[in-house]
Amino acid sequence: MNGASPGPSPCAPIVPSSLAGPVLCLETSCDDTSAAVVRGREVLSSIVSSQNELHAQFGGVVPEVASRRHTELVNEVVAAAMSAAGVGWDDLAAVATTQGPGLIGALLVGLAAAKAIAYRRCLPLIPVNHIQGHIAANYALGVEAPFVCLVASGGHTLLAVVEEGVAYRVTARTMDDAAGEAFDKGARLLGLGYPGGRELDRLAAAGDARYVRFPRAVPRGRDFSFSGLKTALLYDLRGRDVAEVEAHRADIAASYQAAIVSQLVEKTLTCADAEGLRSIAIAGGVAANSGLRSALGERCETEGLQLALPPLSLCTDNAGMIGLAAGFLPALPWPTYLALDAFASDSEARPARPAKRRPRAARPAEWS
Ligand code: KG4
Ligand code: ZN
């Protein structure tokens with residue numbers, strides 16, 4: 001899109017104003033089609049249409065299938081979010097959408113929809129980084145920076161020192177799998193459905209975490225590693241007969257979950273200590289894990305640290321968190337936002353460049 005004429009403007013270029021009004025937000029970075037209306041730190045509505053059932057038959061997200069489904073769902077989900085918030089189109093101050101990282105085809109659906117809405121409604125557009133969205137979910141709880149945030153999802157596991165708003169510095173990341181991947185792969189080995197994290201969590205609640213002593217040895221330094229744990233589970237299961245696995249599936253799940261959680265908790269507390277911060281937050285789909293929430297809760301209480309646990313609806317992918325992050329980010333006026341491209345990974349992120357040629361056409365008569 002860069003360099004192309006942005007076409008006729010439906011209205012005069014917008015100068016970003018203070019966004020006191022509600023923002024319509026979109027999130028389509030993976031397999032959830034989500035729209036929300038957010039005002040400041042208040043999520044007025046958040047609609048998430050999950051594609052889990054669609055992808056379950058393949059045992060994982062199929063990118064092309066996800067993009068097509070987003071296209072089918074996006075208008076419906078936006079209409080539902082607007083209606084649930086009781087907000088009219090004329091009340092909106094801006095549109096926000098996830099720009100990346102994520103599945104490129106899936107991201108493009110949300111970005112194209114957001115551009116179309118912004119153009120038609122004469123609104124500025126706020127591109128949001130998905131990780132910043134996850135972190136910002138904590139602002140719904142009234143958390144104030146600086147804090148250490150454990151971001152653990154299906155695609156990312158990192159420790160962020162959030163310095164102000166959604167500006168953060170990464171102090172640790174995973175050397176191999178993300179924590180959510182470790183949950184999903186473990187769930188698959190245990191014969192659970194897709195997506196596995198939530199199922200494994202549910203099963204683990206009924207199990208004895210002392211049943212298998214999975215390796216707790218974590219890599220030296222600040223980074224995470226989960227691939228060895230997954231291999232340990234594989235070999236543990238291979239060493240048992242079918243009846244034994246059947247009888248102790250919940251115990252094995254609880255033991256495996258405890259090993260993942262222990263690494264997440266220890267690394268997070270070490271980071272807070274090293275950074276001299278007394279406030280901890282968690283974010284991403286794995287932040288919904290009940291074992292992680294209770295273990296971190298206990299440790300923070302013992303250590304006298306403040307802990308923010310976002311509601312489950314703001315942990316897994318949702319557009320509400322995108323709106324919470326948008327409040328800290330610049331709104332791009334027309335035609336600048338037309339040049340935005342989605343990006344699959346942070347290393348590919350590019351700022352939007354203003355379109356080279358300004359259009360000659362003023363507002364078409366039929367729009368007034
Ligand atoms: O943040 P998210 O919805 O999407 C990404 O950005 O990746 O995270 C999805 C990940 C999946 O791996 C899923 O299995 C995991 O979060 N997850 C959980 C739980 N709920 C979702 N993992 C452990 N326990 C849960 N309760
Ligand atoms: Zn996510």
# chains A, B, ... in the order shown; residues from 1 in each chain; ligands from 1

$ residues_near_ligand --ligand "ligand 2" --cutoff "6 Å" --atoms "only C-alpha atoms and all ligand atoms" --output "list in words"
Ser153, Gly284 and Asp317 of chain A

$ residues_around --residues "A:Leu189" --least-positions-apart "6" --cutoff "12 Å" --atoms "only C-alpha atoms" --output "PyMOL selection string"
chain A and resi 59+182-183+196+200+230-238+245+249+252-253+256

$ write_last_selection --atoms "C-alpha atoms" --output "PDB file, in the first residue's frame"
ATOM      1  CA  GLY A  59      -5.125 -29.995  16.048  1.00  0.00           C
ATOM      2  CA  ALA A 182       4.346 -26.200  26.364  1.00  0.00           C
ATOM      3  CA  PHE A 183       0.804 -26.420  27.718  1.00  0.00           C
ATOM      4  CA  GLY A 196      -4.934 -27.768  25.330  1.00  0.00           C
ATOM      5  CA  LEU A 200      -4.826 -29.323  31.021  1.00  0.00           C
ATOM      6  CA  LYS A 230       7.910 -31.486  27.049  1.00  0.00           C
ATOM      7  CA  THR A 231      10.437 -34.233  26.213  1.00  0.00           C
ATOM      8  CA  ALA A 232      10.418 -35.350  29.862  1.00  0.00           C
ATOM      9  CA  LEU A 233       6.637 -35.736  29.677  1.00  0.00           C
ATOM     10  CA  LEU A 234       6.930 -37.712  26.452  1.00  0.00           C
ATOM     11  CA  TYR A 235       9.402 -40.170  28.027  1.00  0.00           C
ATOM     12  CA  ASP A 236       7.413 -40.389  31.234  1.00  0.00           C
ATOM     13  CA  LEU A 237       4.285 -41.383  29.301  1.00  0.00           C
ATOM     14  CA  ARG A 238       6.221 -43.885  27.180  1.00  0.00           C
ATOM     15  CA  VAL A 245      -1.796 -43.341  32.298  1.00  0.00           C
ATOM     16  CA  ARG A 249      -3.834 -38.658  33.852  1.00  0.00           C
ATOM     17  CA  ILE A 252       0.542 -36.361  35.509  1.00  0.00           C
ATOM     18  CA  ALA A 253      -1.165 -33.197  34.207  1.00  0.00           C
ATOM     19  CA  TYR A 256       3.570 -31.154  34.415  1.00  0.00           C
TER      20      TYR A 256
END

$ select_by_dssp --residues "stretch 66-264 of chain A" --states "alpha helix (DSSP H)" --output "PyMOL selection string"
chain A and resi 66-85+104-121+130-136+179-189+196-204+227-238+242-264

$ closest_atom_pairs --of "chain A" --to "ligand 1" --cutoff "6 Å" --atoms "only C-alpha atoms and all ligand atoms" --output "CSV"
residue,atom,partner,partner_atom_place_in_ligand_line,distance
A:Ser153,CA,ligand 1,8 (O),3.9
A:Gly154,CA,ligand 1,7 (O),3.3
A:Gly155,CA,ligand 1,7 (O),4.4
A:Gly180,CA,ligand 1,12 (O),3.4
A:Glu181,CA,ligand 1,12 (O),5.1
A:Phe183,CA,ligand 1,22 (N),5.7
A:Asp184,CA,ligand 1,14 (O),5.1
A:Pro195,CA,ligand 1,14 (O),5.1
A:Gly196,CA,ligand 1,14 (O),5.0
A:Gly197,CA,ligand 1,14 (O),3.3
A:Arg198,CA,ligand 1,26 (N),3.9
A:Asp201,CA,ligand 1,24 (N),5.0
A:Gly284,CA,ligand 1,1 (O),4.0
A:Gly285,CA,ligand 1,16 (O),3.3
A:Val286,CA,ligand 1,22 (N),4.0
A:Ala288,CA,ligand 1,26 (N),4.5
A:Asn289,CA,ligand 1,24 (N),3.6
A:Thr316,CA,ligand 1,3 (O),3.4
A:Asp317,CA,ligand 1,3 (O),4.0

$ atom_distance --atom1 "atom CA of A:Pro22" --atom2 "atom CA of A:Leu92"
5.1 Å

$ select_by_dssp --residues "stretch 109-182 of chain A" --states "strand (DSSP E or B)" --output "ChimeraX atom specification"
/A:125-129,147-152,157-164,167-174

$ closest_residue --among "A:Ala160, A:Gly291, A:Asn129, A:Glu199" --to "A:Glu348" --atoms "only C-alpha atoms"
A:Asn129

$ residues_around --residues "A:Val166" --least-positions-apart "3" --cutoff "9 Å" --atoms "only C-alpha atoms" --output "mmCIF file with N, CA and C atoms, in the first residue's frame"
data_model
loop_
_atom_site.group_PDB
_atom_site.id
_atom_site.type_symbol
_atom_site.label_atom_id
_atom_site.label_comp_id
_atom_site.auth_asym_id
_atom_site.auth_seq_id
_atom_site.Cartn_x
_atom_site.Cartn_y
_atom_site.Cartn_z
ATOM 1 N N GLN A 132 1.864 -5.285 23.597
ATOM 2 C CA GLN A 132 1.485 -4.121 24.410
ATOM 3 C C GLN A 132 0.023 -4.234 24.832
ATOM 4 N N GLY A 133 -0.802 -4.811 23.962
ATOM 5 C CA GLY A 133 -2.205 -5.053 24.309
ATOM 6 C C GLY A 133 -2.303 -5.979 25.509
ATOM 7 N N ILE A 135 -0.144 -6.613 27.816
ATOM 8 C CA ILE A 135 0.349 -5.929 29.022
ATOM 9 C C ILE A 135 -0.705 -4.942 29.535
ATOM 10 N N ALA A 136 -1.313 -4.200 28.594
ATOM 11 C CA ALA A 136 -2.270 -3.144 28.983
ATOM 12 C C ALA A 136 -3.526 -3.690 29.641
ATOM 13 N N ALA A 145 2.412 1.915 36.382
ATOM 14 C CA ALA A 145 3.816 1.617 36.073
ATOM 15 C C ALA A 145 4.700 2.381 37.072
ATOM 16 N N VAL A 162 7.794 -2.780 32.559
ATOM 17 C CA VAL A 162 6.942 -1.742 31.970
ATOM 18 C C VAL A 162 7.288 -0.431 32.658
ATOM 19 N N GLU A 163 7.837 0.483 31.873
ATOM 20 C CA GLU A 163 8.366 1.700 32.489
ATOM 21 C C GLU A 163 7.333 2.799 32.585
ATOM 22 N N ALA A 325 -4.519 -0.509 25.559
ATOM 23 C CA ALA A 325 -3.192 -0.065 25.088
ATOM 24 C C ALA A 325 -3.315 1.176 24.222
ATOM 25 N N PHE A 328 -2.669 4.775 25.260
ATOM 26 C CA PHE A 328 -1.313 5.297 25.484
ATOM 27 C C PHE A 328 -0.581 5.591 24.169
ATOM 28 N N LEU A 329 -1.260 5.356 23.049
ATOM 29 C CA LEU A 329 -0.561 5.397 21.763
ATOM 30 C C LEU A 329 -1.108 6.497 20.860
#

$ closest_residue --among "A:Ser294, A:Thr302, A:Ser345, A:Ser45" --to "A:Gln99" --atoms "only C-alpha atoms"
A:Ser345
